[in-house]
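**Student:** Before we start, here is the structure in question, set down as structure tokens.
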Amino acid sequence: MNNIAINVPILARVEGEGALELTIQDRAIQSLQLKIYEPPRLFEKLLENRPYSDVLDIVARICGICPVAYQMTAAHAIERCFGMDPGPWVRQMRRLFYCGEWIESHSMHIHLLAAPDFLGFKSAAEMAKQYPQEVRRGLRLQAFGNELIKLLGGRSVHPVGACIGGFYRAPDKEYVERLLVNAKERIIDCEELLSWLSSLVLPDNSHDYICVSLCHPHEYPMNEGNIVSDHGLNIPVDQFDVYFEEYQVPYSNALHCKLQNKSYLVGPLARVNNCFGHLPSEIHLLLQRLGIHFPSKNMYQSIIARAVEIYYCVLESIRILETYTLPVHSSITASPIHGHGFGCTEAPRGMLWHHYEITETGTVKSARIVPPTSQNQARIEDDLLSSLHHFGLDKSTDELRSYSEMIIRNYDPCISCSTHFINLKVNRL
Amino acid sequence: MSKIKVIGIGSPFGDDSIGWEAATKLKEREIIQSYLPEILSIETHDRPGVRLLEIMGGADTVLLIDAIVSGNPVGTLYRFVNNDIYELNSLVSTHAIGVVETLQLGRALHQLPDNIILYGIEIDVMNSVVASELIASAIHQLVDCIEREILQIFNSEKA
């Protein structure tokens, strides 16, 4: 058979609605398109002409899994525009808030979305029958992440506690102490999780590509740092547009993005590869004992990178909770200044970039949001092209389909996040 | 006495908010207010995903209320009990892990309450406008059903 058309109409166990269309002719891939057909969500346009103080509550609605990332990126961008520095207490609390989101999101992906692939189950429920302890451990970690988000956000889904300048209120000490006990109990969960994942037989699809992430001189990156790549890029966040280009492809509702015309990876594996040196010694030693090595260009190891970051966030949350003090004020007051503000933080799925123009009265004039899944789309397509060739294009259609789905899930795509943009052209005659 | 938990699930906005609306209206019923929260609690949760397992903890009977999309006429009422629920795959869920998947997971982990009853109302996601007349009337009927169910459970224990 010379011509094969594979159509995966709905990608299972990813967030949002996407599809894959693959055409093979004479044992070569003729076309491969990751189609994100979830309708555009117009968030950037919705933000226009609204007061800056509305932005955090609106962008939190972009995603049910990573609202903290959207809130933090917007807060940094707007504060930068206004020339604000909310100080060390807010900085620490934002880091704690982010730890909660990474733990919650990564735990869900590892246990409920990705692990069934590697163990040959169709769903997490089927896997739970044979791996109940592992799934329970995942749910415990996820619940702890949710608790951290609730501590600062008031609730874990679409949190409402963050504002420009800090947080509406400071958590009380009793609550913090309760969470500290919980955090310390999770260390063993993290170690066992990494140990379990190291025992899985992961395929190897290593090939060369560019890893992009934030990089901070003193810490593992979350809210701050320069944009760097493992191919020598090192730029401040407001230079994004000089090096990166977003563009539309006809078959996807999410914009693609390239770095100097090349696809690139953002997300946990890119972060661990670029910033391994900032992980604490406990993690380095455990990985060494388990025989896990970074940097790695094997996307299957992204599940391990997620577990590494869960462990990091548990340790980081213990550090922050142990030194918690009640502040005099939990936020500083904002005074709008006309200008442009850029923000870039590390969402669980990778680098998230925002740009706002704010008027002197504090109204949003324009907004631009570049989410991680948009950035990874071109990389996913390149990965599929390379991995499917190695896998063998003469495999059965079902095998090619499930293999492609597994490759895509390695990126933990969040499709709802990536479809917020639409080009609107008005012709006035 | 056994503990009953009523949990309204879904977005607080649009027709997906039927879980929230029904739970709120149930709370307003006088007879429902006569029970102590230790034996009857009524909560609402915005798309809880797997947190539903935690939320259901400590209850002997859980009554879930959620929107359903299956192609039946808008306003159709549903009641599913225990095993019937796991066969469903049409509940509205915007994320990868919905109510049915979560209950299937809970069942595999032996982490479910003894009785789970899922009440639903058919909605039309393409025309999601709050409190269309059909939906409003269906919510009223649904709250009557849930009230009767709660009283029946408590009365059977007395007998």
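Here's how to read the names in the structure tokens: chain A, B, ... by the order shown, residue numbers from 1 in each chain, ligand numbers from 1 in the order shown.
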Give as a PDB file with N, CA and C atoms, in the first residue's frame every residue of chain B that touches chain A within 8 Å, counting only C-alpha atoms.
**Tutor:**
```
ATOM      1  N   ASP B  46     -16.797  24.166  41.470  1.00  0.00           N
ATOM      2  CA  ASP B  46     -16.543  24.512  40.067  1.00  0.00           C
ATOM      3  C   ASP B  46     -15.603  23.470  39.456  1.00  0.00           C
ATOM      4  N   ARG B  47     -16.119  22.590  38.654  1.00  0.00           N
ATOM      5  CA  ARG B  47     -15.364  21.551  37.941  1.00  0.00           C
ATOM      6  C   ARG B  47     -14.188  20.983  38.756  1.00  0.00           C
ATOM      7  N   PRO B  48     -14.496  20.182  39.760  1.00  0.00           N
ATOM      8  CA  PRO B  48     -13.446  19.780  40.705  1.00  0.00           C
ATOM      9  C   PRO B  48     -12.454  18.743  40.187  1.00  0.00           C
ATOM     10  N   VAL B  50     -10.419  15.473  39.816  1.00  0.00           N
ATOM     11  CA  VAL B  50     -10.231  14.377  40.766  1.00  0.00           C
ATOM     12  C   VAL B  50     -10.393  14.808  42.231  1.00  0.00           C
ATOM     13  N   ARG B  51     -10.447  16.123  42.488  1.00  0.00           N
ATOM     14  CA  ARG B  51     -10.696  16.567  43.868  1.00  0.00           C
ATOM     15  C   ARG B  51     -12.062  16.104  44.358  1.00  0.00           C
ATOM     16  N   THR B  94     -15.057  20.287  30.754  1.00  0.00           N
ATOM     17  CA  THR B  94     -14.165  21.017  29.866  1.00  0.00           C
ATOM     18  C   THR B  94     -12.736  20.514  29.990  1.00  0.00           C
ATOM     19  N   HIS B  95     -12.485  19.612  30.910  1.00  0.00           N
ATOM     20  CA  HIS B  95     -11.122  19.146  31.079  1.00  0.00           C
ATOM     21  C   HIS B  95     -11.031  17.643  30.933  1.00  0.00           C
ATOM     22  N   ALA B  96      -9.785  17.190  30.854  1.00  0.00           N
ATOM     23  CA  ALA B  96      -9.560  15.783  30.532  1.00  0.00           C
ATOM     24  C   ALA B  96     -10.187  14.843  31.557  1.00  0.00           C
ATOM     25  N   GLU B 101     -15.060   9.904  34.781  1.00  0.00           N
ATOM     26  CA  GLU B 101     -13.689   9.381  34.899  1.00  0.00           C
ATOM     27  C   GLU B 101     -13.234   9.383  36.356  1.00  0.00           C
ATOM     28  N   THR B 102     -13.587  10.452  37.071  1.00  0.00           N
ATOM     29  CA  THR B 102     -13.185  10.539  38.478  1.00  0.00           C
ATOM     30  C   THR B 102     -13.860   9.442  39.301  1.00  0.00           C
ATOM     31  N   GLN B 104     -14.918   6.593  38.179  1.00  0.00           N
ATOM     32  CA  GLN B 104     -14.305   5.316  37.783  1.00  0.00           C
ATOM     33  C   GLN B 104     -12.978   5.116  38.508  1.00  0.00           C
ATOM     34  N   LEU B 105     -12.229   6.222  38.611  1.00  0.00           N
ATOM     35  CA  LEU B 105     -10.950   6.172  39.326  1.00  0.00           C
ATOM     36  C   LEU B 105     -11.185   5.842  40.799  1.00  0.00           C
ATOM     37  N   GLY B 106     -12.159   6.499  41.409  1.00  0.00           N
ATOM     38  CA  GLY B 106     -12.488   6.264  42.820  1.00  0.00           C
ATOM     39  C   GLY B 106     -12.918   4.825  43.052  1.00  0.00           C
ATOM     40  N   ALA B 108     -11.972   2.220  41.274  1.00  0.00           N
ATOM     41  CA  ALA B 108     -10.787   1.364  41.171  1.00  0.00           C
ATOM     42  C   ALA B 108      -9.956   1.420  42.453  1.00  0.00           C
ATOM     43  N   LEU B 109      -9.987   2.574  43.132  1.00  0.00           N
ATOM     44  CA  LEU B 109      -9.185   2.747  44.354  1.00  0.00           C
ATOM     45  C   LEU B 109      -9.984   2.396  45.613  1.00  0.00           C
TER      46      LEU B 109
END
```
**Student:** Please provide as a PyMOL selection string all residues within 9 Å of stretch 189-194 of chain A, with the sequence filter that same-chain residues fewer than 3 positions apart are discarded (counting only C-alpha atoms).
**Tutor:** chain A and resi 134+137-138+140-141+185-186+197-199+283+286-287+290+304+307-308+310-312+314
**Student:** List every residue of stretch 219-305 of chain A that has an atom at most 12 Å from any atom of stretch 74-80 of chain A, and for each one report the closest atom pair and its distance in Å to one decimal, counting only C-alpha atoms, with rows sorted by chain and then by increasing residue number, as a Markdown table.
**Tutor:**
```
| residue | atom | partner | partner_atom | distance |
| --- | --- | --- | --- | --- |
| A:Met222 | CA | A:His76 | CA | 11.7 |
| A:Asn223 | CA | A:His76 | CA | 8.0 |
| A:Glu224 | CA | A:His76 | CA | 8.9 |
| A:Gly225 | CA | A:His76 | CA | 11.7 |
| A:Val237 | CA | A:Ala77 | CA | 9.9 |
| A:Asp238 | CA | A:Ala77 | CA | 9.7 |
```
**Student:** Leaving out B:Gln141 and any residue of its chain fewer than 5 positions from it, which residues lie within 9 Å of it when counting only C-alpha atoms, given as an MDAnalysis selection string?
**Tutor:** chainID B and resid 77 136 146
**Student:** Could you please determine the separation between atom CA of A:Glu174 and atom CA of A:Ala60 in Å, to one decimal place?
**Tutor:**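 For atom CA of A:Glu174 relative to atom CA of A:Ala60, the distance reads 27.4 Å.
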**Student:** Applying 12 Å and only C-alpha atoms, which residues near stretch 261-263 of chain A remain after dropping the ones on its own chain fewer than 2 positions away? List them as a list in words.
**Tutor:**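 Once the adjacent positions are removed, what remains is Asp208, Tyr209, Ile210, Cys211, Val212, Ser229, His231, Val242, Tyr243, Phe244, Glu245, Glu246, Tyr247, His256, Cys257, Lys258, Leu259, Leu265, Val266, Ser374, Gln375, Asn376, Gln377, Ala378, Arg379, Ile380, Glu381, Asp382 and Asp383 of chain A.
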**Student:** For a test of reading the model, state the distance in Å between atom CA of A:Ile110 and atom CA of A:Ala254, rounded to one decimal.
**Tutor:**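 Atom CA of A:Ala254 lies at a distance of 24.7 Å from atom CA of A:Ile110.
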**Student:** With distances taken over only C-alpha atoms, which residue among A:Glu48, A:Glu282, A:Glu147, A:Glu357 lies nearest A:Ala183?
**Tutor:**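 The shortest atom-to-atom distance to A:Ala183 comes from A:Glu147.
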